[in-house]
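Okay, target_27.tsv is below, TSV, C-alpha atoms and all ligand atoms:
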```tsv
chain	number	residue	atom	x	y	z
O	1	MET	CA	102.67	135.98	90.89
O	2	VAL	CA	100.75	137.91	88.19
O	3	ALA	CA	102.96	138.15	85.12
O	4	SER	CA	102.88	141.49	83.38
O	5	ILE	CA	102.96	140.81	79.68
O	6	SER	CA	104.60	143.47	77.57
O	7	LYS	CA	102.65	145.11	74.78
O	8	ASP	CA	104.53	143.03	72.21
O	9	ALA	CA	102.99	139.82	73.53
O	10	GLY	CA	99.64	140.52	71.88
O	11	GLN	CA	101.07	140.26	68.38
O	12	TYR	CA	101.86	136.58	68.90
O	13	GLY	CA	98.17	135.95	69.44
O	14	SER	CA	96.31	133.58	71.72
O	15	THR	CA	95.54	131.02	69.02
O	16	PRO	CA	98.41	129.71	66.92
O	17	GLY	CA	98.48	131.42	63.52
O	18	ALA	CA	99.81	129.75	60.43
O	19	ARG	CA	103.06	128.75	62.10
O	20	ARG	CA	103.61	125.19	63.30
O	21	ILE	CA	103.39	123.66	66.78
O	22	LEU	CA	106.32	121.77	68.33
O	23	VAL	CA	105.75	119.23	71.11
O	24	THR	CA	108.84	118.20	73.11
O	25	GLY	CA	108.84	114.95	75.10
O	26	ALA	CA	106.08	113.87	72.70
O	27	LEU	CA	106.46	110.11	73.25
O	28	GLY	CA	105.56	110.31	76.96
O	29	GLN	CA	102.24	109.83	78.75
O	30	ILE	CA	100.86	113.28	77.88
O	31	GLY	CA	102.47	113.70	74.44
O	32	SER	CA	101.05	110.38	73.22
O	33	GLU	CA	97.58	111.94	73.48
O	34	LEU	CA	98.36	115.64	73.06
O	35	VAL	CA	99.99	115.19	69.63
O	36	PRO	CA	96.99	113.39	68.04
O	37	ALA	CA	94.63	115.92	69.65
O	38	LEU	CA	96.61	118.87	68.28
O	39	ARG	CA	96.80	117.22	64.84
O	40	GLU	CA	93.06	116.70	64.82
O	41	HIS	CA	92.43	120.27	66.02
O	42	TYR	CA	94.90	122.21	63.84
O	43	GLY	CA	95.78	119.74	61.03
O	44	ALA	CA	98.45	117.00	60.94
O	45	GLU	CA	100.87	119.10	58.91
O	46	ARG	CA	100.85	121.83	61.59
O	47	VAL	CA	102.25	119.66	64.41
O	48	VAL	CA	105.86	118.49	64.82
O	49	ALA	CA	106.39	115.81	67.49
O	50	SER	CA	109.84	115.42	69.09
O	51	ASP	CA	111.54	113.41	71.82
O	52	LEU	CA	114.94	112.22	72.99
O	53	ARG	CA	113.77	108.69	72.28
O	54	ILE	CA	113.71	107.24	68.78
O	55	MET	CA	110.11	107.00	67.61
O	56	PRO	CA	108.88	103.41	67.45
O	57	LEU	CA	107.59	102.40	64.02
O	58	ARG	CA	103.88	103.23	64.10
O	59	PRO	CA	102.56	103.63	60.58
O	60	SER	CA	99.25	104.94	61.95
O	61	VAL	CA	100.96	108.07	63.35
O	62	GLU	CA	100.93	110.83	60.75
O	63	GLY	CA	102.97	113.99	60.80
O	64	ALA	CA	106.54	115.17	61.29
O	65	TYR	CA	108.84	113.76	63.96
O	66	GLU	CA	112.21	115.14	65.14
O	67	HIS	CA	114.77	113.47	67.37
O	68	LEU	CA	115.43	116.39	69.74
O	69	ASP	CA	117.37	116.71	73.01
O	70	CYS	CA	116.01	119.71	74.89
O	71	THR	CA	119.22	120.18	76.83
O	72	GLN	CA	120.84	121.20	73.51
O	73	LEU	CA	119.88	124.80	72.66
O	74	GLN	CA	121.24	124.60	69.10
O	75	GLN	CA	119.05	121.57	68.33
O	76	ILE	CA	115.93	123.42	69.52
O	77	LEU	CA	116.81	126.59	67.61
O	78	GLU	CA	117.41	124.58	64.45
O	79	VAL	CA	114.09	122.69	64.68
O	80	VAL	CA	112.15	125.89	65.50
O	81	ARG	CA	113.71	127.71	62.56
O	82	ARG	CA	113.44	124.85	60.05
O	83	HIS	CA	109.77	124.07	60.80
O	84	ASP	CA	108.69	127.69	61.33
O	85	ILE	CA	107.47	126.92	64.84
O	86	GLY	CA	105.12	129.43	66.48
O	87	THR	CA	104.06	127.46	69.57
O	88	VAL	CA	105.96	125.00	71.79
O	89	TYR	CA	104.25	122.56	74.16
O	90	HIS	CA	107.27	121.75	76.30
O	91	LEU	CA	106.61	118.35	77.90
O	92	ALA	CA	110.16	116.93	78.16
O	93	ALA	CA	111.09	116.42	81.82
O	94	LEU	CA	111.95	113.83	84.45
O	95	LEU	CA	108.97	113.04	86.70
O	96	SER	CA	108.94	113.16	90.50
O	97	ALA	CA	110.13	109.68	91.53
O	98	VAL	CA	112.71	109.40	88.73
O	99	ALA	CA	113.95	112.95	89.45
O	100	GLU	CA	114.51	112.08	93.11
O	101	GLU	CA	116.67	109.12	92.00
O	102	LYS	CA	118.66	111.37	89.61
O	103	PRO	CA	118.56	114.95	90.96
O	104	HIS	CA	121.43	116.24	88.81
O	105	ALA	CA	119.90	114.94	85.61
O	106	ALA	CA	116.52	116.34	86.73
O	107	TRP	CA	117.99	119.82	87.11
O	108	SER	CA	119.72	119.62	83.76
O	109	ILE	CA	116.67	118.35	81.85
O	110	ASN	CA	113.85	120.15	83.69
O	111	MET	CA	115.55	123.54	84.10
O	112	GLY	CA	118.09	123.45	81.26
O	113	GLY	CA	115.45	122.21	78.80
O	114	LEU	CA	112.95	124.88	79.82
O	115	TYR	CA	115.55	127.64	79.66
O	116	ASN	CA	116.48	126.55	76.13
O	117	VAL	CA	112.84	126.43	75.02
O	118	LEU	CA	112.21	129.92	76.43
O	119	GLU	CA	115.33	131.23	74.72
O	120	ALA	CA	114.18	129.80	71.39
O	121	ALA	CA	110.72	131.29	72.05
O	122	ARG	CA	112.26	134.70	72.76
O	123	GLN	CA	114.32	134.63	69.58
O	124	TYR	CA	111.57	133.26	67.30
O	125	HIS	CA	108.54	134.88	69.02
O	126	CYS	CA	106.88	131.61	69.99
O	127	GLN	CA	104.08	130.91	72.46
O	128	VAL	CA	105.10	128.36	75.16
O	129	PHE	CA	103.10	125.87	77.23
O	130	PHE	CA	104.79	124.76	80.47
O	131	PRO	CA	103.30	121.88	82.51
O	132	SER	CA	103.85	122.63	86.17
O	133	SER	CA	102.50	120.24	88.78
O	134	ILE	CA	100.98	119.76	92.22
O	135	GLY	CA	104.64	118.95	92.99
O	136	ALA	CA	105.29	122.72	92.93
O	137	PHE	CA	103.76	122.81	96.44
O	138	GLY	CA	105.34	121.50	99.63
O	139	PRO	CA	104.67	120.49	103.23
O	140	SER	CA	104.16	124.10	104.39
O	141	THR	CA	101.45	124.69	101.72
O	142	PRO	CA	97.81	124.45	102.97
O	143	ARG	CA	96.84	120.90	101.88
O	144	GLU	CA	93.05	121.36	101.69
O	145	ARG	CA	91.60	123.59	98.96
O	146	THR	CA	95.16	124.70	98.14
O	147	PRO	CA	94.82	128.30	96.89
O	148	GLN	CA	96.06	129.56	93.54
O	149	VAL	CA	98.50	131.90	95.29
O	150	THR	CA	100.06	130.34	98.37
O	151	ILE	CA	103.29	129.10	99.95
O	152	GLN	CA	105.47	127.13	97.49
O	153	ARG	CA	108.40	125.55	99.31
O	154	PRO	CA	108.66	122.03	97.79
O	155	THR	CA	111.09	119.52	99.28
O	156	THR	CA	111.70	117.46	96.11
O	157	ILE	CA	114.05	118.32	93.24
O	158	TYR	CA	111.06	117.85	90.92
O	159	GLY	CA	109.09	120.47	92.86
O	160	VAL	CA	112.07	122.82	92.95
O	161	THR	CA	112.31	122.65	89.13
O	162	LYS	CA	108.55	123.23	88.80
O	163	VAL	CA	108.49	126.35	91.01
O	164	ALA	CA	111.64	127.68	89.38
O	165	GLY	CA	110.08	126.86	85.99
O	166	GLU	CA	106.92	128.83	86.83
O	167	LEU	CA	109.10	131.79	87.83
O	168	LEU	CA	111.33	131.53	84.77
O	169	CYS	CA	108.25	131.50	82.49
O	170	ASP	CA	106.89	134.56	84.33
O	171	TYR	CA	110.26	136.25	83.91
O	172	TYR	CA	110.36	135.62	80.15
O	173	ALA	CA	106.78	136.86	79.87
O	174	GLY	CA	107.37	140.05	81.85
O	175	ARG	CA	110.87	140.83	80.62
O	176	PHE	CA	110.74	139.72	76.97
O	177	GLY	CA	107.02	139.46	76.17
O	178	VAL	CA	107.12	135.69	75.58
O	179	ASP	CA	103.51	134.44	75.66
O	180	SER	CA	104.17	131.62	78.15
O	181	ARG	CA	101.28	129.85	79.89
O	182	GLY	CA	101.15	126.96	82.35
O	183	LEU	CA	99.02	124.59	84.39
O	184	ARG	CA	99.69	122.98	87.74
O	185	LEU	CA	98.57	119.53	86.64
O	186	PRO	CA	97.49	116.88	89.15
O	187	GLY	CA	98.23	113.16	88.65
O	188	LEU	CA	97.06	112.16	85.18
O	189	ILE	CA	95.16	108.95	84.48
O	190	SER	CA	95.26	107.59	80.92
O	191	TYR	CA	95.11	104.42	78.84
O	192	VAL	CA	97.28	105.20	75.78
O	193	ALA	CA	100.81	105.39	77.23
O	194	LEU	CA	102.11	104.28	80.60
O	195	PRO	CA	103.21	106.96	83.08
O	196	GLY	CA	106.89	107.92	83.26
O	197	GLY	CA	107.82	107.46	86.93
O	198	GLY	CA	105.67	109.81	89.00
O	199	THR	CA	104.13	109.55	92.47
O	200	THR	CA	100.59	109.16	91.10
O	201	ASP	CA	101.44	106.29	88.69
O	202	TYR	CA	99.49	103.87	90.92
O	203	ALA	CA	96.25	105.35	89.58
O	204	VAL	CA	97.10	104.05	86.10
O	205	GLU	CA	98.81	100.76	87.04
O	206	ILE	CA	95.80	99.74	89.15
O	207	PHE	CA	93.56	99.54	86.06
O	208	TYR	CA	95.94	97.29	84.07
O	209	GLN	CA	96.41	94.99	87.06
O	210	ALA	CA	92.67	94.90	87.83
O	211	LEU	CA	91.91	93.66	84.33
O	212	ARG	CA	94.90	91.30	84.04
O	213	TYR	CA	95.11	89.78	87.53
O	214	ARG	CA	92.12	91.10	89.55
O	215	HIS	CA	94.74	92.20	92.06
O	216	TYR	CA	97.02	95.21	92.67
O	217	THR	CA	99.72	95.92	95.23
O	218	CYS	CA	99.74	99.67	95.78
O	219	PHE	CA	102.92	101.62	96.64
O	220	LEU	CA	101.00	104.39	98.45
O	221	ARG	CA	98.95	104.08	101.66
O	222	PRO	CA	95.19	103.42	101.29
O	223	ASP	CA	94.41	106.94	102.59
O	224	ALA	CA	96.97	108.88	100.45
O	225	ARG	CA	94.62	111.56	99.10
O	226	LEU	CA	95.83	113.40	95.97
O	227	ASP	CA	94.35	115.37	93.09
O	228	MET	CA	93.88	113.51	89.81
O	229	MET	CA	92.54	114.18	86.32
O	230	TYR	CA	91.59	112.00	83.35
O	231	MET	CA	93.77	112.70	80.31
O	232	PRO	CA	90.95	113.97	77.99
O	233	ASP	CA	90.27	116.75	80.53
O	234	ALA	CA	94.00	117.55	80.77
O	235	ILE	CA	94.32	117.82	76.98
O	236	ARG	CA	91.28	120.13	76.85
O	237	ALA	CA	92.77	122.21	79.66
O	238	MET	CA	96.11	122.62	77.85
O	239	ILE	CA	94.66	123.58	74.48
O	240	GLY	CA	91.97	125.72	76.16
O	241	LEU	CA	94.55	127.70	78.12
O	242	MET	CA	96.71	128.25	75.04
O	243	GLU	CA	93.68	129.53	73.10
O	244	ALA	CA	92.36	131.70	75.95
O	245	ASP	CA	92.15	135.48	75.62
O	246	ALA	CA	95.50	136.71	76.98
O	247	ALA	CA	93.85	139.79	78.49
O	248	ARG	CA	91.80	137.60	80.86
O	249	LEU	CA	94.72	135.60	82.27
O	250	ARG	CA	95.65	136.83	85.74
O	251	TYR	CA	98.03	133.93	86.40
O	252	ARG	CA	99.91	132.67	83.41
O	253	ASN	CA	102.42	130.37	85.09
O	254	ALA	CA	100.63	128.48	86.33
O	255	TYR	CA	96.92	127.77	86.96
O	256	ASN	CA	95.73	125.19	89.51
O	257	VAL	CA	93.53	122.60	87.76
O	258	THR	CA	91.94	119.45	89.14
O	259	ALA	CA	89.07	117.05	88.50
O	260	MET	CA	88.96	114.74	91.55
O	261	SER	CA	90.61	114.30	94.93
O	262	ILE	CA	90.90	110.56	95.63
O	263	THR	CA	92.69	107.89	97.68
O	264	PRO	CA	93.87	104.44	96.51
O	265	ALA	CA	91.15	102.86	98.66
O	266	GLU	CA	88.42	104.97	97.02
O	267	LEU	CA	89.72	104.18	93.53
O	268	ALA	CA	89.79	100.46	94.37
O	269	ASP	CA	86.16	100.65	95.61
O	270	GLU	CA	85.11	102.32	92.35
O	271	ILE	CA	86.92	99.68	90.24
O	272	ARG	CA	85.23	96.94	92.27
O	273	LYS	CA	81.83	98.20	91.04
O	274	HIS	CA	82.94	96.96	87.57
O	275	VAL	CA	85.35	94.14	88.56
O	276	PRO	CA	83.71	92.64	91.67
O	277	THR	CA	86.55	90.20	92.47
O	278	PHE	CA	89.23	92.91	92.38
O	279	ALA	CA	91.47	92.97	95.49
O	280	ILE	CA	94.07	95.52	96.57
O	281	ASP	CA	96.86	95.29	99.13
O	282	TYR	CA	99.57	97.74	100.11
O	283	GLN	CA	103.36	97.64	100.14
O	284	VAL	CA	104.31	101.25	100.81
O	285	ASP	CA	107.28	102.71	98.95
O	286	HIS	CA	108.73	105.23	101.39
O	287	LEU	CA	110.19	107.56	98.76
O	288	ARG	CA	106.94	107.93	96.86
O	289	GLN	CA	104.79	108.04	100.02
O	290	SER	CA	106.97	110.84	101.42
O	291	ILE	CA	106.57	112.77	98.15
O	292	ALA	CA	102.78	112.25	98.29
O	293	ASP	CA	102.72	113.43	101.92
O	294	SER	CA	104.31	116.73	100.85
O	295	TRP	CA	101.67	117.44	98.16
O	296	PRO	CA	98.16	118.96	98.42
O	297	CYS	CA	95.04	116.80	98.91
O	298	SER	CA	92.73	119.05	96.91
O	299	LEU	CA	93.45	122.11	94.79
O	300	ASP	CA	91.29	125.21	94.51
O	301	ASP	CA	90.89	125.61	90.73
O	302	GLY	CA	88.61	128.67	90.96
O	303	ALA	CA	91.00	130.98	89.06
O	304	ALA	CA	91.12	128.62	86.04
O	305	ARG	CA	87.32	128.38	86.03
O	306	GLU	CA	86.90	132.16	86.27
O	307	ASP	CA	89.65	133.32	83.90
O	308	TRP	CA	89.28	130.93	80.96
O	309	GLY	CA	86.24	128.79	81.73
O	310	PHE	CA	88.01	125.55	82.64
O	311	ALA	CA	85.64	122.75	83.76
O	312	PRO	CA	86.57	119.04	83.88
O	313	ARG	CA	84.08	116.54	82.44
O	314	PHE	CA	85.24	113.34	84.18
O	315	ASP	CA	84.74	112.65	87.89
O	316	LEU	CA	85.90	109.44	89.63
O	317	ALA	CA	82.91	107.37	88.45
O	318	ALA	CA	82.97	108.57	84.82
O	319	MET	CA	86.76	108.23	84.56
O	320	THR	CA	86.76	104.69	86.00
O	321	ALA	CA	84.00	103.48	83.68
O	322	ASP	CA	85.74	104.95	80.61
O	323	MET	CA	89.23	103.69	81.59
O	324	LEU	CA	87.96	100.13	82.05
O	325	ALA	CA	86.00	100.19	78.81
O	326	ARG	CA	89.02	101.46	76.82
O	327	LEU	CA	91.53	99.17	78.51
O	328	ARG	CA	89.41	96.05	78.08
O	329	GLU	CA	90.06	96.42	74.32
O	330	LYS	CA	93.81	96.46	74.90
O	331	VAL	CA	94.47	94.33	78.01
O	332	GLN	CA	93.66	90.65	78.19
O	333	ALA	CA	93.41	88.66	81.40
O	334	PRO	CA	95.71	85.61	81.43
O	335	LYS	CA	93.93	82.31	80.68
O	336	GLY	CA	92.04	81.16	83.76
O	337	GLY	CA	92.50	84.66	85.33
C	401	LIG	N1	101.84	112.71	83.88
C	401	LIG	C1	101.50	113.41	84.95
C	401	LIG	O1	100.75	112.90	85.82
C	401	LIG	C2	101.98	114.82	85.12
C	401	LIG	C3	101.44	115.60	86.17
C	401	LIG	C4	101.90	116.90	86.34
C	401	LIG	C5	102.84	117.43	85.46
C	401	LIG	N2	103.35	116.65	84.46
C	401	LIG	C6	104.38	117.23	83.59
C	401	LIG	O2	104.02	117.08	82.23
C	401	LIG	C7	105.19	116.88	81.44
C	401	LIG	C8	105.06	115.60	80.61
C	401	LIG	O3	104.78	114.54	81.51
C	401	LIG	P1	104.60	113.04	81.01
C	401	LIG	O4	103.78	112.37	82.05
C	401	LIG	O5	104.17	112.98	79.60
C	401	LIG	O6	106.10	112.53	81.19
C	401	LIG	P2	106.79	111.20	80.57
C	401	LIG	O7	107.90	110.82	81.49
C	401	LIG	O8	105.74	110.18	80.27
C	401	LIG	O9	107.38	111.74	79.20
C	401	LIG	C9	108.44	112.65	79.17
C	401	LIG	C10	109.14	112.49	77.83
C	401	LIG	O10	110.26	113.39	77.81
C	401	LIG	C11	111.31	112.74	77.11
C	401	LIG	N3	112.59	113.35	77.46
C	401	LIG	C12	113.32	113.17	78.59
C	401	LIG	N4	114.47	113.88	78.52
C	401	LIG	C13	114.43	114.56	77.35
C	401	LIG	C14	115.31	115.48	76.71
C	401	LIG	N5	116.47	115.84	77.28
C	401	LIG	N6	114.94	115.98	75.52
C	401	LIG	C15	113.77	115.61	74.92
C	401	LIG	N7	112.92	114.74	75.46
C	401	LIG	C16	113.24	114.22	76.67
C	401	LIG	C17	111.20	111.28	77.50
C	401	LIG	O11	111.83	110.44	76.55
C	401	LIG	C18	109.69	111.09	77.57
C	401	LIG	O12	109.16	110.56	76.37
C	401	LIG	C19	106.37	116.88	82.42
C	401	LIG	O13	106.92	118.18	82.49
C	401	LIG	C20	105.72	116.55	83.73
C	401	LIG	O14	106.45	117.05	84.84
C	401	LIG	C21	102.94	115.37	84.26
```

Let's see the structure in the file written out as structure tokens.
Ligand SMILES: NC(=O)c1ccc[n+]([C@@H]2O[C@H](COP(=O)([O-])OP(=O)(O)OC[C@H]3O[C@@H](n4cnc5c(N)ncnc54)[C@H](O)[C@@H]3O)[C@@H](O)[C@H]2O)c1
Amino acid sequence: MVASISKDAGQYGSTPGARRILVTGALGQIGSELVPALREHYGAERVVASDLRIMPLRPSVEGAYEHLDCTQLQQILEVVRRHDIGTVYHLAALLSAVAEEKPHAAWSINMGGLYNVLEAARQYHCQVFFPSSIGAFGPSTPRERTPQVTIQRPTTIYGVTKVAGELLCDYYAGRFGVDSRGLRLPGLISYVALPGGGTTDYAVEIFYQALRYRHYTCFLRPDARLDMMYMPDAIRAMIGLMEADAARLRYRNAYNVTAMSITPAELADEIRKHVPTFAIDYQVDHLRQSIADSWPCSLDDGAAREDWGFAPRFDLAAMTADMLARLREKVQAPKGG
């Protein structure tokens, strides 16, 4: 599990040098917040956003944008060369529920895209960030305090691509000295962009519905306990890992990180402290519930805390208060609602 990084890896550095940063899948839930954060941190001219989708016209968004299909190696090589890319945050992927509907496309995008990014990184000496997931675990993994190093036998195509992705990143690090780093992210809660079809999407939808209709029908059971994290903590974790001292990283691909372990019922109770008339009912979606049942309830993130000082700032109460405050500015209840 510990990737041995060849001596060459050090020359690429732990903080990006003068070269630019490419974000793939940049129009998704994470990219919509990671790109502005990177631009603020390193300068707008240093960050190139890219996605398969055509960027909607948003004059407020500054910086370069490329239409890029990660399944096409030549396109990635061309963008990396033309923009002098030194770091790739590779976000493009199909998420768990969508991947289960389209397993062939999931393999092609999740594995083919990662392989292409690692190949470009090998050729152009780039650093790579790979977002793994709690989906990289499976039903035979210990569900409570899931250790950093443990059984990984997922039963979803999404999980298969995440475990294989962790291994492929380790392989490129050990074999070719590519400075690849990853996190096993839990479900992410955010207010900027909607989630892209994952098992934990309920934890975002519930906030919109609470403000609009004071009511939410949840597709997971009330007691479906899963790890979650508020997006500002996830962005800090990603940039923090990429800037961490390489010599201290025992597990590059990938570190367990988490901020809270919650159920739909607990989240609804917390929302009710701010929206007293909020009601929740349940109409369980068997595909997504079966995926949730195969995932951990609570991760042990001790290695991330020890190796590069990761510490989340938002617990359930702080996240809920902030989400509602931010969303109130953007979501309006229907008249009379
Ligand atoms: N959001 C979460 O809760 C979460 C949790 C764990 C891990 N992750 C991982 O983080 C990454 C980003 O997740 P997200 O939530 O932002 O996903 P998302 O679905 O919101 O966004 C993914 C983006 O990738 C783009 N894309 C799809 N196919 C592409 C291709 N062939 N080439 C280029 N772009 C393509 C899509 O257009 C989309 O904008 C994924 O690898 C995901 O597995 C996300």

Taking all atoms listed in the file into account, list the residues no farther than 8 Å from ligand LIG 401 (chain C), as a CSV table (one decimal) with C-alpha atoms, in the frame of the given file.
```
chain,number,residue,atom,x,y,z
O,24,THR,CA,108.8,118.2,73.1
O,25,GLY,CA,108.8,115.0,75.1
O,26,ALA,CA,106.1,113.9,72.7
O,27,LEU,CA,106.5,110.1,73.2
O,28,GLY,CA,105.6,110.3,77.0
O,29,GLN,CA,102.2,109.8,78.8
O,30,ILE,CA,100.9,113.3,77.9
O,31,GLY,CA,102.5,113.7,74.4
O,32,SER,CA,101.0,110.4,73.2
O,50,SER,CA,109.8,115.4,69.1
O,51,ASP,CA,111.5,113.4,71.8
O,52,LEU,CA,114.9,112.2,73.0
O,53,ARG,CA,113.8,108.7,72.3
O,67,HIS,CA,114.8,113.5,67.4
O,68,LEU,CA,115.4,116.4,69.7
O,69,ASP,CA,117.4,116.7,73.0
O,70,CYS,CA,116.0,119.7,74.9
O,71,THR,CA,119.2,120.2,76.8
O,72,GLN,CA,120.8,121.2,73.5
O,90,HIS,CA,107.3,121.8,76.3
O,91,LEU,CA,106.6,118.4,77.9
O,92,ALA,CA,110.2,116.9,78.2
O,93,ALA,CA,111.1,116.4,81.8
O,94,LEU,CA,112.0,113.8,84.4
O,95,LEU,CA,109.0,113.0,86.7
O,96,SER,CA,108.9,113.2,90.5
O,109,ILE,CA,116.7,118.4,81.8
O,110,ASN,CA,113.8,120.2,83.7
O,113,GLY,CA,115.4,122.2,78.8
O,130,PHE,CA,104.8,124.8,80.5
O,131,PRO,CA,103.3,121.9,82.5
O,132,SER,CA,103.8,122.6,86.2
O,133,SER,CA,102.5,120.2,88.8
O,134,ILE,CA,101.0,119.8,92.2
O,135,GLY,CA,104.6,119.0,93.0
O,158,TYR,CA,111.1,117.8,90.9
O,162,LYS,CA,108.6,123.2,88.8
O,184,ARG,CA,99.7,123.0,87.7
O,185,LEU,CA,98.6,119.5,86.6
O,186,PRO,CA,97.5,116.9,89.2
O,187,GLY,CA,98.2,113.2,88.6
O,188,LEU,CA,97.1,112.2,85.2
O,189,ILE,CA,95.2,109.0,84.5
O,193,ALA,CA,100.8,105.4,77.2
O,194,LEU,CA,102.1,104.3,80.6
O,195,PRO,CA,103.2,107.0,83.1
O,196,GLY,CA,106.9,107.9,83.3
O,197,GLY,CA,107.8,107.5,86.9
O,198,GLY,CA,105.7,109.8,89.0
O,200,THR,CA,100.6,109.2,91.1
O,201,ASP,CA,101.4,106.3,88.7
O,228,MET,CA,93.9,113.5,89.8
```

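One distance worth recording is that between CA of Val204 in chain O and CA of Leu34 in chain O, which is 17.5 Å.
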
- Item | Neighbour list for Arg305 in chain O as a ChimeraX atom specification, cut-off 12 Å, only C-alpha atoms, skip fewer than 3 positions in-chain | /O:148,237,240-241,244,248-250,255-259,300-302,308-312

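Neighbours of Pro103 in chain O closer than or equal to 9 Å, with all atoms listed in the file counted and sequence neighbours fewer than 3 positions away skipped, come out as Val98, Ala99, Glu100, Ala106, Trp107, Ser108, Thr156, Ile157 and Tyr158 of chain O.
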
Only C-alpha atoms, please: the residues just picked out, written as a PDB file, in the frame of the given file.
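Printed below is selection_18.pdb as written:
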```
ATOM      1  CA  VAL O  98     112.710 109.400  88.730  1.00  0.00           C
ATOM      2  CA  ALA O  99     113.950 112.950  89.450  1.00  0.00           C
ATOM      3  CA  GLU O 100     114.510 112.080  93.110  1.00  0.00           C
ATOM      4  CA  ALA O 106     116.520 116.340  86.730  1.00  0.00           C
ATOM      5  CA  TRP O 107     117.990 119.820  87.110  1.00  0.00           C
ATOM      6  CA  SER O 108     119.720 119.620  83.760  1.00  0.00           C
ATOM      7  CA  THR O 156     111.700 117.460  96.110  1.00  0.00           C
ATOM      8  CA  ILE O 157     114.050 118.320  93.240  1.00  0.00           C
ATOM      9  CA  TYR O 158     111.060 117.850  90.920  1.00  0.00           C
TER      10      TYR O 158
END
```

- Task: Would you mind listing what lies within 12 Å of Arg46 in chain O as a PyMOL selection string, with only C-alpha atoms counted and same-chain residues fewer than 2 positions away left out?
- Result: chain O and resi 16-23+35-44+48-49+62-65+83-88

- Correct to one decimal, the distance CA of Tyr216 in chain O-CA of Pro139 in chain O is 28.4 Å

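Picture a line from CA of Tyr230 in chain O to CA of Phe137 in chain O; it runs 20.9 Å.
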
- Task: Show which residues sit within 9 Å of Phe314 in chain O, as a ChimeraX atom specification. Count all atoms listed in the file, and ignore same-chain residues fewer than 5 positions away.
- Result: /O:229-230,232-233,259-260,319-320

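Minimum atom-to-atom distance to Ala268 in chain O, evaluated using all atoms listed in the file, belongs to O:Ile206 out of O:Ile206, O:Val284, O:Ala292, O:Asp245.
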
Shell of 7 Å around Arg181 in chain O, all atoms listed in the file, local chain residues under 3 positions omitted, as a tab-separated table (two decimals) with C-alpha atoms, in the frame of the given file:
```tsv
chain	number	residue	atom	x	y	z
O	128	VAL	CA	105.10	128.36	75.16
O	129	PHE	CA	103.10	125.87	77.23
O	130	PHE	CA	104.79	124.76	80.47
O	242	MET	CA	96.71	128.25	75.04
O	252	ARG	CA	99.91	132.67	83.41
O	253	ASN	CA	102.42	130.37	85.09
O	254	ALA	CA	100.63	128.48	86.33
```

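The smallest atom-to-atom distance between Cys169 in chain O and any of O:Asn116, O:Thr199, O:Ser190, O:Thr146, using all atoms listed in the file, is found for O:Asn116.
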
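Nearest-residue note for Ile54 in chain O: choosing from O:Asp170, O:Asp269, O:Glu205, O:Glu66, the minimum distance belongs to O:Glu66, counting only C-alpha atoms.
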
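Proximity to Leu118 in chain O was assessed for O:Gly138, O:Thr161, O:Glu266, O:Gly177 counting all atoms listed in the file; the smallest distance is recorded for O:Gly177.
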
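Each of O:Val79, O:Ala105, O:Ala224, O:Ala173 was compared to Ile262 in chain O using all atoms listed in the file, and O:Ala224 turns out to be the nearest.
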
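Of the listed residues (O:Trp295, O:Phe207, O:Phe278, O:Phe176), O:Trp295 comes nearest to Arg143 in chain O; the distances count only C-alpha atoms.
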